[in-house]
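With compact mmCIF, C-alpha atoms inside, this is work-v2.txt:
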# COMPACT_ATOMS: atom_id res chain seq x y z
CA MET A 234 22.94 30.25 -72.52
CA LYS A 235 23.74 28.28 -69.37
CA SER A 236 20.81 29.77 -67.45
CA SER A 237 18.36 28.72 -70.18
CA ARG A 238 19.73 25.16 -70.10
CA PHE A 239 19.40 25.09 -66.33
CA ALA A 240 15.83 26.41 -66.53
CA LEU A 241 14.97 23.80 -69.16
CA PHE A 242 16.46 21.06 -67.00
CA ALA A 243 14.58 22.31 -63.92
CA ILE A 244 11.26 22.34 -65.80
CA ALA A 245 11.91 18.83 -67.15
CA ALA A 246 12.75 17.60 -63.65
CA ILE A 247 9.58 19.09 -62.19
CA ILE A 248 7.46 17.55 -64.93
CA GLY A 249 9.18 14.19 -64.47
CA ILE A 250 8.71 14.16 -60.70
CA GLY A 251 5.08 15.22 -61.08
CA THR A 252 4.46 12.44 -63.58
CA VAL A 253 6.00 9.77 -61.35
CA ALA A 254 4.24 11.01 -58.22
CA GLY A 255 0.89 11.34 -60.00
CA SER A 256 1.02 7.85 -61.47
CA GLY A 257 1.06 6.12 -58.07
CA HIS A 258 -2.09 4.35 -57.00
CA TYR A 259 -3.62 5.00 -53.62
CA SER A 260 -3.33 2.02 -51.34
CA PRO A 261 -5.25 1.89 -48.04
CA ALA A 262 -2.61 -0.50 -46.69
CA ALA A 263 0.13 2.04 -47.29
CA ALA A 264 -1.76 4.67 -45.33
CA GLY A 265 -2.10 2.45 -42.25
CA ASN A 266 -5.79 1.89 -42.94
CA PHE A 267 -5.69 -1.72 -44.09
CA GLY A 268 -9.20 -1.87 -45.50
CA SER A 269 -11.71 -4.64 -44.97
CA ASP A 270 -9.60 -7.49 -46.36
CA TYR A 271 -6.51 -6.71 -44.31
CA GLY A 272 -8.00 -5.24 -41.15
CA TRP A 273 -6.50 -8.04 -39.09
CA MET A 274 -3.03 -6.62 -39.79
CA GLY A 275 -3.85 -3.61 -37.63
CA ASN A 276 -4.82 -5.83 -34.69
CA ARG A 277 -1.62 -5.70 -32.64
CA LYS A 278 -2.64 -8.43 -30.17
CA TYR A 279 -3.47 -10.82 -33.01
CA MET A 280 -0.19 -10.11 -34.81
CA ASP A 281 1.77 -10.65 -31.58
CA CYS A 282 -0.06 -13.94 -31.02
CA ILE A 283 0.80 -15.10 -34.55
CA LYS A 284 4.46 -14.21 -34.02
CA TYR A 285 4.57 -15.91 -30.61
CA MET A 286 2.88 -19.07 -31.87
CA GLY A 287 5.29 -19.33 -34.79
CA ALA A 288 2.54 -19.36 -37.39
CA TYR A 289 4.66 -17.56 -39.99
CA GLY A 290 6.78 -20.59 -40.80
CA PRO A 291 5.25 -22.87 -43.46
CA ASP A 292 6.55 -26.10 -41.88
CA TYR A 293 5.87 -25.25 -38.25
CA PRO A 294 4.13 -28.15 -36.48
CA GLY A 295 0.52 -27.33 -35.62
CA ARG A 296 0.62 -24.11 -37.65
CA ASP A 297 -3.05 -24.21 -38.68
CA ASN A 298 -4.20 -24.95 -35.15
CA ASN A 299 -2.11 -22.06 -33.81
CA ILE A 300 -3.60 -19.66 -36.36
CA ARG A 301 -7.12 -20.79 -35.45
CA ALA A 302 -6.40 -20.27 -31.74
CA CYS A 303 -5.14 -16.72 -32.37
CA LYS A 304 -8.14 -15.92 -34.57
CA LYS A 305 -10.55 -17.21 -31.95
CA ALA A 306 -8.88 -15.25 -29.16
CA TYR A 307 -8.16 -11.92 -30.84
CA LEU A 308 -10.31 -11.39 -33.94
CA PRO A 309 -13.95 -10.28 -33.79
CA GLY A 310 -16.15 -13.26 -34.57
CA GLY A 311 -13.13 -15.58 -34.63
CA ARG A 312 -13.14 -15.42 -38.44

What's the structure tokens form of this structure?
Amino acid sequence: MKSSRFALFAIAAIIGIGTVAGSGHYSPAAAGNFGSDYGWMGNRKYMDCIKYMGAYGPDYPGRDNNIRACKKAYLPGGR
């Protein structure tokens, strides 16, 4: 009796895990391939420039100018 309960529980667990794992959506960003909209996130020099310039803070003085300078220096075409 106990072995049949254990087998039933194991089958239910496998089905549950398969359902949860199969319902996930593929995300290029999760795989390290950021896609066309987020390709700049893979540009290490650009990200370092943004961090150094302090462009992450919303109230940082000259934030927009700093972002433009990093884009011009490190992104193709200066987007």

**Message:** Which residues are near stretch 303-312 of chain A? Cut-off 8 Å, only C-alpha atoms, ignore same chain within fewer than 5 positions. Put them as a VMD selection string.
**Reply:** chain A and resid 273 276 278 to 279 282 to 283

Convert the current residue selection to file output with C-alpha atoms, as a compact mmCIF listing (two decimals), in the coordinates of the input.
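See again.txt below for the written result:
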# COMPACT_ATOMS: atom_id res chain seq x y z
CA TRP A 273 -6.50 -8.04 -39.09
CA ASN A 276 -4.82 -5.83 -34.69
CA LYS A 278 -2.64 -8.43 -30.17
CA TYR A 279 -3.47 -10.82 -33.01
CA CYS A 282 -0.06 -13.94 -31.02
CA ILE A 283 0.80 -15.10 -34.55

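A straight line drawn from atom CA of A:Pro291 to atom CA of A:Gly272 is 22.2 Å long.
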
**Asked** Can you tell me how far atom CA of A:Ile248 sits from atom CA of A:Lys235, in Å to one decimal?
**Response**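 Separation of atom CA of A:Ile248 and atom CA of A:Lys235: 20.0 Å.
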
**Asked** What gap, in Å, lies between atom CA of A:Met286 and atom CA of A:Asn299?
**Response** 6.1 Å

**Message:** Taking all atoms listed in the file into account, name the residue in A:Leu241, A:Ala246, A:Met274, A:Ala288 that is nearest to A:Arg301.
**Reply:** A:Ala288

Could you give me the centre and size, in Å to one decimal, of an axis-aligned box around all listed atoms of stretch 301-306 of chain A with 4 Å added on every side, as AutoDock Vina command-line options?
--center_x -7.8 --center_y -18.0 --center_z -32.3 --size_x 13.4 --size_y 13.5 --size_z 14.3
